[in-house]
Amino acid sequence: MSLEAAYAQCRRLNAHHGKTFYLATLLLPADRRPAVHALYGFARLADEVVDSPGSAPARELDELERQLKAALTGVVEHPVLAALADTVARYGIEHTLFEDFLASMRMDLHQREYATYAELRAYMRGSAEVIGLQMLPVLGVVAEGAEPYAAALGEAFQLTNFLRDVAEDLDRGRVYLPADELAAFGVDRALLEWCRASGRRDRRVRAALAHLAARTRAVYRTAALGIPLLAPESRPCVSVAFTLYQGILDELAARDYDVFGPRAVVPTSRRLAVALPGLVRALLSR
């Protein structure tokens with residue numbers, strides 16, 4: 001398969017599985033989009049290994065890591081890895097970021113809950129923060145010091161997903177909400193599982209999720225400080241992704257944090273209302 005076809009496969013993965021993120025990538029200059037798709041494609045490969053029932057995920061992750069290391073030395077066995085290796089070389093992305101990512105993916109194989117936010121953050125270092133750091137060389141910067149904000153944006157996006165996907169994660173046997181903070185509101189795994197099984201709501205769960213959403217918004221406020229440090233041509237993309245992901249929190253609040261019903265999504269009309277002005281700004285910045 002040609003490198004062009006490999007990048008095209010990554011783009012299809014992004015378009016199919018990451019609709020909000022993919023919409024934001026359309027605001028990037030055309031020459032930078034393939035690299036973002038490649039980074040997404042690799043993360044998706046690992047996600048599918050971890051979340052596929054009935055497989056041997058530990059061995060599959062080991063094999064994925066072996067193939068990744070081979071690809072980074074020029075021996076390619078998978079089209080997504082071909083695109084990724086080209087992106088890593090082109091933009092000088094640190095190899096250790098992918099090692100950290102796979103380490104967190106391995107945590108998903110045995111760790112089903114997190115006692116504290118500090119424990120959860122240790123997981124998110126590899127599962128979310130490094131994604132922001134991988135993206136930074138592709139987006140470009142105009143000043144030093146963008147790394148903590150890029151990491152914070154990755155964290156904010158993942159915290160948003162954790163809140164939205166409580167029911168889906170429970171179905172996989174996982175809870176990505178700090179147990180001590182849930183307990184402060186009288187919530188534990190058993191109560192979450194009861195809500196999931198019965199379809200009924202509980203005011204204690206609602207209060208706990210509202211608290212966690214407020215903390216997530218604080219992480220977004222920190223991440224926002226890094227947007228002006230990005231290259232001007234990349235800011236519209238990140239600004240749109242920033243707004244749309246925060247919009248998921250708005251949707252959760254609008255339904256009073258009922259995370260056991262239909263999945264919270266930002267309506268298409270709002271996505272377009274946010275993205276179209278961003279596209280205009282992107283075109284003007286080029």
# chains A, B, ... in the order shown; residues from 1 in each chain; ligands from 1
>>> closest_atom_pairs(of="region 158-178 of chain A", to="region 113-133 of chain A", cutoff="9 Å", atoms="only C-alpha atoms", output="Markdown table")
| residue | atom | partner | partner_atom | distance |
| --- | --- | --- | --- | --- |
| A:Gln158 | CA | A:Ala128 | CA | 6.2 |
| A:Leu159 | CA | A:Met124 | CA | 8.9 |
| A:Gly173 | CA | A:Glu113 | CA | 8.7 |
| A:Arg174 | CA | A:Glu113 | CA | 5.9 |
| A:Val175 | CA | A:Glu113 | CA | 4.9 |
| A:Tyr176 | CA | A:Glu113 | CA | 6.0 |
| A:Leu177 | CA | A:Tyr114 | CA | 6.8 |
| A:Pro178 | CA | A:Thr116 | CA | 4.7 |
>>> residues_around(residues="Ala24 (chain A)", least_positions_apart="3", cutoff="6 Å", atoms="only C-alpha atoms", output="ChimeraX atom specification")
/A:21,27,237,240-241
>>> write_last_selection(atoms="C-alpha atoms", output="compact mmCIF listing (two decimals), in the first residue's frame")
# COMPACT_ATOMS: atom_id res chain seq x y z
CA PHE A 21 -12.56 15.88 16.12
CA LEU A 27 -9.97 23.81 9.63
CA CYS A 237 -9.01 24.02 14.49
CA VAL A 240 -13.49 24.65 17.33
CA ALA A 241 -12.54 21.35 18.97
>>> residues_around(residues="Val166 (chain A)", least_positions_apart="2", cutoff="10 Å", atoms="only C-alpha atoms", output="ChimeraX atom specification")
/A:161-164,168-171,174-177,192-193,196,209,258-260,263
>>> residues_around(residues="Gly140 (chain A)", least_positions_apart="4", cutoff="9 Å", atoms="only C-alpha atoms", output="PyMOL selection string")
chain A and resi 135-136+229-234
>>> atom_distance(atom1="CA of Ile227 (chain A)", atom2="CA of Leu23 (chain A)")
18.0 Å
>>> residues_around(residues="Asp47 (chain A)", least_positions_apart="6", cutoff="12 Å", atoms="only C-alpha atoms", output="list in words")
His17, Tyr40, Gly41, Pro53, Pro57, Glu60, Leu61, Leu64, Phe101, Leu102, Ser104, Met105, Arg106, Asp108, Leu109 and Ser127 of chain A
>>> write_last_selection(atoms="C-alpha atoms", output="PDB file, in the first residue's frame")
ATOM      1  CA  HIS A  17     -15.055   7.188  14.734  1.00  0.00           C
ATOM      2  CA  TYR A  40      -5.755   9.462  15.537  1.00  0.00           C
ATOM      3  CA  GLY A  41      -5.518   6.242  13.544  1.00  0.00           C
ATOM      4  CA  PRO A  53     -14.261  -8.624  23.786  1.00  0.00           C
ATOM      5  CA  PRO A  57      -5.578  -7.907  24.294  1.00  0.00           C
ATOM      6  CA  GLU A  60      -2.207  -7.908  20.834  1.00  0.00           C
ATOM      7  CA  LEU A  61      -0.894  -4.775  22.540  1.00  0.00           C
ATOM      8  CA  LEU A  64       1.157  -3.569  18.248  1.00  0.00           C
ATOM      9  CA  PHE A 101       0.281   5.881  25.574  1.00  0.00           C
ATOM     10  CA  LEU A 102       0.602   2.103  25.306  1.00  0.00           C
ATOM     11  CA  SER A 104      -1.940   3.460  29.828  1.00  0.00           C
ATOM     12  CA  MET A 105      -3.694   1.181  27.355  1.00  0.00           C
ATOM     13  CA  ARG A 106      -2.253  -1.755  29.295  1.00  0.00           C
ATOM     14  CA  ASP A 108      -7.158  -0.726  30.938  1.00  0.00           C
ATOM     15  CA  LEU A 109      -6.627  -4.485  30.858  1.00  0.00           C
ATOM     16  CA  SER A 127      -4.079   8.063  27.553  1.00  0.00           C
TER      17      SER A 127
END
>>> closest_residue(among="A:Leu68, A:Thr96, A:Leu191, A:Val50", to="Gln111 (chain A)", atoms="only C-alpha atoms")
A:Val50
>>> atom_distance(atom1="CA of Leu45 (chain A)", atom2="CA of Asp62 (chain A)")
12.6 Å
>>> closest_residue(among="A:Glu251, A:Glu144, A:Asp86, A:Asp188", to="Glu4 (chain A)", atoms="only C-alpha atoms")
A:Asp86
>>> atom_distance(atom1="CA of Ala214 (chain A)", atom2="CA of Arg235 (chain A)")
24.6 Å
